[in-house]
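Heads up, the thing below is written out as structure tokens.
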Amino acid sequence: MSTTNEIVLRPRFKFPLKEDHEMLLKLFEDTKTSQSDFIVSRIDDHVFIKIPKVKQHFWSPQLHLEINKNEAASGSIIYGLFGPNPTVWTMFMFFHFVVAGLFIGFGIWSYVNWSLGNDYAIQLFVTLLMIVIWFVLYFGGRLGKKTGMNQMHELHHFMRDTLRNKNIHAEV
């Protein structure tokens, strides 16, 4: 059975570079003023690359890069994470927790009514409805990932081109 990234909603990657991590962080920080196609922000060792507001849609992704010093060898390691806007991600997780909570609550209520010999059809229906809603949320997330795929590629190409413009050769 293949364990590919078929079900990953937030793709990740990592690769080593020979350059110093401070130089790489400065390189991305300098792109803030030299281009207007992306919004680049830096906080400590983290670089966030976002789509500008005028091009954003509900499912627009962002690229989070963490650039760390490579302790094992000289150079740096870049960890990348594609994900939706944090507000969208928080809303999605909130909905998942609400559905899970309702599923557990109505499942327990169904079991108790069944154990007592009372009618439990409504509780069982809501329990099963939560499973359907969970699948809708899951496939909604997959649809959102597919909708933002072109912008994910744009973000990745921007990162790659930023590194290549300074003759930093990475296998990205």
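Naming works like this for the structure tokens: A, B, ... for the chains as they're shown, residue 1 at the start of each chain, ligands 1 onward in shown order.
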### Message
Can you tell me which residues surround Ile108 (chain A) at a distance of at most 12 Å, considering only C-alpha atoms, apart from same-chain residues fewer than 4 positions away, and format the answer as an MDAnalysis selection string?
### Response
chainID A and resid 101:104 112:115 120 123:124 126:127
Output of the above residues as a PDB file, in the first residue's frame, restricted to C-alpha atoms:
```pdb
ATOM      1  CA  GLY A 101     -18.100  16.742  20.099  1.00  0.00           C
ATOM      2  CA  LEU A 102     -21.652  16.416  18.791  1.00  0.00           C
ATOM      3  CA  PHE A 103     -20.867  12.950  17.432  1.00  0.00           C
ATOM      4  CA  ILE A 104     -19.603  11.786  20.826  1.00  0.00           C
ATOM      5  CA  VAL A 112     -28.003   5.442  27.002  1.00  0.00           C
ATOM      6  CA  ASN A 113     -31.499   5.569  25.471  1.00  0.00           C
ATOM      7  CA  TRP A 114     -30.919   2.174  23.818  1.00  0.00           C
ATOM      8  CA  SER A 115     -29.723   0.726  27.161  1.00  0.00           C
ATOM      9  CA  TYR A 120     -33.209   6.624  20.279  1.00  0.00           C
ATOM     10  CA  GLN A 123     -30.088  10.702  18.555  1.00  0.00           C
ATOM     11  CA  LEU A 124     -28.827   7.954  16.229  1.00  0.00           C
ATOM     12  CA  VAL A 126     -27.860  13.056  14.476  1.00  0.00           C
ATOM     13  CA  THR A 127     -24.866  10.802  15.296  1.00  0.00           C
TER      14      THR A 127
END
```
### Query
Could you pull out all residues of chain A with a DSSP call of strand (DSSP E or B) and give them as a PyMOL selection string?
chain A and resi 12-17+39-43+46-50+61-69+76-84
Those residues with C-alpha atoms, as a PDB file, in the first residue's frame please?
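After the write, selection-v2.pdb holds the following:
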```pdb
ATOM      1  CA  ARG A  12       5.339  20.022   3.892  1.00  0.00           C
ATOM      2  CA  PHE A  13       8.867  19.892   2.537  1.00  0.00           C
ATOM      3  CA  LYS A  14      12.427  20.282   3.782  1.00  0.00           C
ATOM      4  CA  PHE A  15      15.813  20.646   2.142  1.00  0.00           C
ATOM      5  CA  PRO A  16      19.355  21.543   3.189  1.00  0.00           C
ATOM      6  CA  LEU A  17      21.395  24.445   1.831  1.00  0.00           C
ATOM      7  CA  ILE A  39       3.638  39.740   0.741  1.00  0.00           C
ATOM      8  CA  VAL A  40       6.764  38.600   2.589  1.00  0.00           C
ATOM      9  CA  SER A  41       7.083  38.931   6.344  1.00  0.00           C
ATOM     10  CA  ARG A  42       9.700  37.660   8.739  1.00  0.00           C
ATOM     11  CA  ILE A  43       9.501  36.859  12.430  1.00  0.00           C
ATOM     12  CA  HIS A  46      10.199  32.228  10.172  1.00  0.00           C
ATOM     13  CA  VAL A  47       9.321  33.675   6.776  1.00  0.00           C
ATOM     14  CA  PHE A  48       5.691  33.942   5.668  1.00  0.00           C
ATOM     15  CA  ILE A  49       4.952  34.386   1.967  1.00  0.00           C
ATOM     16  CA  LYS A  50       1.349  35.316   1.174  1.00  0.00           C
ATOM     17  CA  PRO A  61      -2.680  29.416   0.557  1.00  0.00           C
ATOM     18  CA  GLN A  62       0.360  30.841   2.253  1.00  0.00           C
ATOM     19  CA  LEU A  63       3.867  29.438   2.482  1.00  0.00           C
ATOM     20  CA  HIS A  64       5.533  29.293   5.879  1.00  0.00           C
ATOM     21  CA  LEU A  65       9.291  28.791   5.785  1.00  0.00           C
ATOM     22  CA  GLU A  66      11.362  28.038   8.845  1.00  0.00           C
ATOM     23  CA  ILE A  67      15.053  28.562   8.127  1.00  0.00           C
ATOM     24  CA  ASN A  68      17.266  26.963  10.773  1.00  0.00           C
ATOM     25  CA  LYS A  69      20.968  26.570  11.226  1.00  0.00           C
ATOM     26  CA  SER A  76      20.958  25.706   6.813  1.00  0.00           C
ATOM     27  CA  ILE A  77      17.810  23.639   6.601  1.00  0.00           C
ATOM     28  CA  ILE A  78      14.613  25.103   5.181  1.00  0.00           C
ATOM     29  CA  TYR A  79      11.342  23.630   6.405  1.00  0.00           C
ATOM     30  CA  GLY A  80       8.315  24.619   4.339  1.00  0.00           C
ATOM     31  CA  LEU A  81       4.609  24.298   5.053  1.00  0.00           C
ATOM     32  CA  PHE A  82       1.791  25.206   2.684  1.00  0.00           C
ATOM     33  CA  GLY A  83      -1.439  25.998   4.418  1.00  0.00           C
ATOM     34  CA  PRO A  84      -4.560  28.079   4.208  1.00  0.00           C
TER      35      PRO A  84
END
```
### Query
Nearest to Phe97 (chain A) among A:Met23, A:Met152, A:Ile133, A:Leu116, with distances taken over only C-alpha atoms: which residue is it?
A:Ile133
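Between Gln35 (chain A) and the candidates A:Ala73, A:Pro52, A:Val99, A:Met130, the tightest atom-to-atom separation, counting only C-alpha atoms, involves A:Pro52.
Candidate residues A:Ile122, A:Asn150, A:Phe28, A:His21 were compared for distance to Leu163 (chain A), and the nearest is A:Phe28, using only C-alpha atoms.
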### Query
So how many Å separate CA of Val98 (chain A) and CA of Gly148 (chain A), to one decimal?
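Going from CA of Val98 (chain A) over to CA of Gly148 (chain A) covers 25.4 Å.
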### Task
Give the helix (DSSP H, G or I) residues of region 26-162 of chain A, as DSSP finds them on the backbone, and put them as a ChimeraX atom specification.
/A:26-34,53-55,86-116,121-147,149-162
### Task
Could you check how far CA of Leu137 (chain A) sits from CA of Phe58 (chain A), in Å to one decimal?
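We find that CA of Leu137 (chain A) and CA of Phe58 (chain A) lie 14.9 Å from each other.
Here CA of Asp44 (chain A) and CA of Leu25 (chain A) stand 8.7 Å from one another.
Comparing the minimum interatomic distances between Gly144 (chain A) and each of A:Asn85, A:Phe125, A:Ala72, A:Lys55, counting only C-alpha atoms, we find that A:Asn85 sits nearest.
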### Query
Pick the closest to Leu129 (chain A) from A:Ala100, A:Leu155, A:Arg164, A:Lys145: which is it, counting only C-alpha atoms?
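Nearest candidate to Leu129 (chain A) out of A:Ala100, A:Leu155, A:Arg164, A:Lys145: A:Ala100.
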